[in-house]
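> Here it is, the structure, as structure tokens.
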Amino acid sequence: MLEAVDELISVWGPDRVGLHLAPKGDSHDSGDSDLAETFGYVARAMKTRGIAFLFTRESQDEPRYFPKLKEQFGGVVITNQQLDQATAEKIILNGEADAASWGQLFIANPDLACRFAEGLPLTTPQPETFYGSGPEVYTDHPFAD
């Protein structure tokens, strides 16, 4: 991973490189006996490289690693995974992350930012339809009135 990031930096510069992490080790058979230390090492290594951001995908169940990673990295951290609006706002206001992002909610709510801003109800994502054989799931969810 470090070699790949270094190569990207050599081409694009550190301010145009970000790194996506799953610090709970629950993605693509990743993991380690000491997740906090492993991902802390990565965060500190990215700090010395001065990359643009870390993107962390982890649930809000304890233990939560991304707040500590933000501290160790010292730069912009974007968090993601099954966040609702209130949780995302709390995380940002508490300084645990600089931004939040959504995947599944955006698929089901193409106007998610508008719905958040106006307090409108959300369409529930249907993950069983994701990665289907056609564009329907990604193009047929309704916009709010």
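For the structure tokens, the naming scheme is as follows: chains receive sequential letters (A, B, ...) according to their order of presentation, residues are indexed from 1 within each chain, and ligands are indexed from 1 in presentation order.
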Determine which residues of range 5-58 of chain A receive a DSSP assignment of strand (DSSP E or B), computed from the backbone, and state them as a list of chain:residue names.
A:Gly18, A:Leu19, A:His20, A:Leu21, A:Phe53, A:Leu54, A:Phe55, A:Thr56, A:Arg57
> Need to verify the contact set: range 118-133 of chain A, 10 Å, only C-alpha atoms, exclusion of same-chain residues closer than 4 positions in sequence. Can you return it as a ChimeraX atom specification?
/A:85,103-114,137-138,141-145
> May I have all residues of range 24-118 of chain A that DSSP, computed from the backbone, assigns to helix (DSSP H, G or I), given as JSON, numbers by chain?
{"A": [35, 36, 37, 38, 39, 40, 41, 42, 43, 44, 45, 46, 47, 48, 49, 66, 67, 68, 69, 70, 71, 72, 73, 85, 86, 87, 88, 89, 90, 91, 92, 93, 104, 105, 106, 107, 108, 112, 113, 114, 115, 116, 117, 118]}
> For N, CA and C atoms, I'd like the residues from the last selection saved as a CSV table (one decimal), in the first residue's frame.

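This is the output file selection-v2.csv:
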chain,number,residue,atom,x,y,z
A,35,LEU,N,-5.8,-4.0,15.1
A,35,LEU,CA,-6.3,-3.0,14.1
A,35,LEU,C,-5.9,-1.6,14.4
A,36,ALA,N,-6.0,-1.2,15.6
A,36,ALA,CA,-5.7,0.2,16.0
A,36,ALA,C,-4.3,0.5,15.7
A,37,GLU,N,-3.4,-0.3,16.0
A,37,GLU,CA,-1.9,-0.1,15.7
A,37,GLU,C,-1.7,-0.2,14.2
A,38,THR,N,-2.3,-1.1,13.5
A,38,THR,CA,-2.0,-1.3,12.1
A,38,THR,C,-2.5,0.0,11.3
A,39,PHE,N,-3.7,0.4,11.5
A,39,PHE,CA,-4.3,1.5,10.8
A,39,PHE,C,-3.7,2.8,11.3
A,40,GLY,N,-3.3,2.9,12.6
A,40,GLY,CA,-2.6,4.0,13.1
A,40,GLY,C,-1.3,4.2,12.4
A,41,TYR,N,-0.6,3.1,12.2
A,41,TYR,CA,0.7,3.2,11.4
A,41,TYR,C,0.4,3.8,10.0
A,42,VAL,N,-0.6,3.3,9.4
A,42,VAL,CA,-0.9,3.8,8.1
A,42,VAL,C,-1.3,5.3,8.1
A,43,ALA,N,-2.1,5.7,9.1
A,43,ALA,CA,-2.4,7.1,9.2
A,43,ALA,C,-1.2,8.0,9.4
A,44,ARG,N,-0.3,7.6,10.3
A,44,ARG,CA,1.0,8.3,10.5
A,44,ARG,C,1.8,8.3,9.3
A,45,ALA,N,1.9,7.2,8.5
A,45,ALA,CA,2.7,7.2,7.3
A,45,ALA,C,2.1,8.1,6.3
A,46,MET,N,0.8,8.3,6.2
A,46,MET,CA,0.1,9.2,5.3
A,46,MET,C,0.3,10.6,5.7
A,47,LYS,N,0.4,10.9,7.0
A,47,LYS,CA,0.7,12.2,7.5
A,47,LYS,C,2.1,12.7,7.0
A,48,THR,N,3.1,11.8,7.1
A,48,THR,CA,4.4,12.2,6.6
A,48,THR,C,4.5,12.4,5.1
A,49,ARG,N,3.6,11.7,4.4
A,49,ARG,CA,3.5,11.9,2.9
A,49,ARG,C,2.7,13.1,2.5
A,66,PHE,N,-11.8,5.6,13.4
A,66,PHE,CA,-11.5,6.8,12.6
A,66,PHE,C,-11.3,8.1,13.4
A,67,PRO,N,-11.9,8.3,14.6
A,67,PRO,CA,-11.5,9.5,15.4
A,67,PRO,C,-10.0,9.5,15.7
A,68,LYS,N,-9.5,8.4,16.1
A,68,LYS,CA,-8.0,8.3,16.5
A,68,LYS,C,-7.2,8.5,15.2
A,69,LEU,N,-7.7,7.9,14.1
A,69,LEU,CA,-6.9,8.0,12.9
A,69,LEU,C,-6.8,9.5,12.4
A,70,LYS,N,-7.9,10.2,12.6
A,70,LYS,CA,-7.9,11.6,12.3
A,70,LYS,C,-6.8,12.3,13.1
A,71,GLU,N,-6.7,12.0,14.4
A,71,GLU,CA,-5.7,12.6,15.3
A,71,GLU,C,-4.3,12.3,14.8
A,72,GLN,N,-4.1,11.0,14.5
A,72,GLN,CA,-2.8,10.6,14.0
A,72,GLN,C,-2.4,11.1,12.7
A,73,PHE,N,-3.4,11.2,11.8
A,73,PHE,CA,-3.1,11.7,10.4
A,73,PHE,C,-3.0,13.2,10.4
A,85,GLN,N,-28.2,11.5,9.0
A,85,GLN,CA,-27.8,12.9,9.0
A,85,GLN,C,-27.4,13.4,10.4
A,86,ALA,N,-28.1,13.0,11.4
A,86,ALA,CA,-27.8,13.5,12.8
A,86,ALA,C,-26.4,12.9,13.2
A,87,THR,N,-26.1,11.7,12.9
A,87,THR,CA,-24.9,11.1,13.3
A,87,THR,C,-23.7,11.8,12.6
A,88,ALA,N,-23.9,12.0,11.3
A,88,ALA,CA,-22.8,12.7,10.5
A,88,ALA,C,-22.6,14.1,11.0
A,89,GLU,N,-23.6,14.8,11.3
A,89,GLU,CA,-23.5,16.1,11.9
A,89,GLU,C,-22.7,16.1,13.2
A,90,LYS,N,-23.1,15.2,14.1
A,90,LYS,CA,-22.4,15.1,15.4
A,90,LYS,C,-20.9,14.8,15.2
A,91,ILE,N,-20.6,13.8,14.3
A,91,ILE,CA,-19.2,13.4,14.1
A,91,ILE,C,-18.4,14.7,13.6
A,92,ILE,N,-19.0,15.4,12.7
A,92,ILE,CA,-18.3,16.6,12.2
A,92,ILE,C,-18.1,17.7,13.3
A,93,LEU,N,-19.2,17.9,14.0
A,93,LEU,CA,-19.2,19.0,15.1
A,93,LEU,C,-18.2,18.6,16.2
A,104,GLN,N,-25.1,4.1,-0.2
A,104,GLN,CA,-26.4,3.5,-0.4
A,104,GLN,C,-27.5,4.5,-0.4
A,105,LEU,N,-27.4,5.4,0.6
A,105,LEU,CA,-28.5,6.4,0.6
A,105,LEU,C,-28.6,7.3,-0.6
A,106,PHE,N,-27.4,7.6,-1.3
A,106,PHE,CA,-27.4,8.3,-2.5
A,106,PHE,C,-28.0,7.5,-3.6
A,107,ILE,N,-27.8,6.2,-3.7
A,107,ILE,CA,-28.4,5.4,-4.7
A,107,ILE,C,-29.9,5.5,-4.6
A,108,ALA,N,-30.4,5.3,-3.4
A,108,ALA,CA,-31.9,5.4,-3.1
A,108,ALA,C,-32.5,6.8,-3.1
A,112,LEU,N,-30.3,13.4,-2.2
A,112,LEU,CA,-30.1,13.3,-0.8
A,112,LEU,C,-29.8,14.6,0.0
A,113,ALA,N,-28.9,15.4,-0.6
A,113,ALA,CA,-28.6,16.7,0.0
A,113,ALA,C,-29.8,17.6,0.2
A,114,CYS,N,-30.6,17.6,-0.8
A,114,CYS,CA,-31.9,18.4,-0.7
A,114,CYS,C,-32.8,17.8,0.4
A,115,ARG,N,-32.9,16.5,0.4
A,115,ARG,CA,-33.8,15.9,1.5
A,115,ARG,C,-33.2,16.2,2.9
A,116,PHE,N,-31.9,16.1,3.0
A,116,PHE,CA,-31.3,16.4,4.3
A,116,PHE,C,-31.6,17.9,4.7
A,117,ALA,N,-31.4,18.8,3.7
A,117,ALA,CA,-31.6,20.2,4.0
A,117,ALA,C,-33.0,20.6,4.3
A,118,GLU,N,-34.0,19.9,3.7
A,118,GLU,CA,-35.4,20.2,3.9
A,118,GLU,C,-36.1,19.3,4.8
> Just give me the gap between CA of Asp84 in chain A and CA of Gly18 in chain A in Å, one decimal is fine.
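Answer for the CA of Asp84 in chain A to CA of Gly18 in chain A separation: 23.7 Å.
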> Between CA of Arg57 in chain A and CA of Ala22 in chain A, what is the distance in Å, rounded to a tenth?
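Taking CA of Arg57 in chain A and CA of Ala22 in chain A, their separation equals 5.0 Å.
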> Using only C-alpha atoms for the distances, tell me which of A:Asn80, A:Asp29, A:Leu21, A:Gly75 is nearest to Trp102 in chain A.
A:Asn80
> What's the separation between CA of Ala4 in chain A and CA of Leu19 in chain A, in Å to one decimal place?
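So the answer is 10.3 Å.
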> Restricting the calculation to only C-alpha atoms, which member of A:Gly13, A:Gly74, A:Pro23, A:Asp98 is positioned closest to Glu62 in chain A?
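Looking at the shortest contact to Glu62 in chain A, the residue is A:Pro23.
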> Closest to Phe53 in chain A among A:Asp32, A:Gln81, A:Pro14, A:Asn94, using only C-alpha atoms?
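When distances to Phe53 in chain A are compared using only C-alpha atoms, the smallest one comes from A:Pro14.
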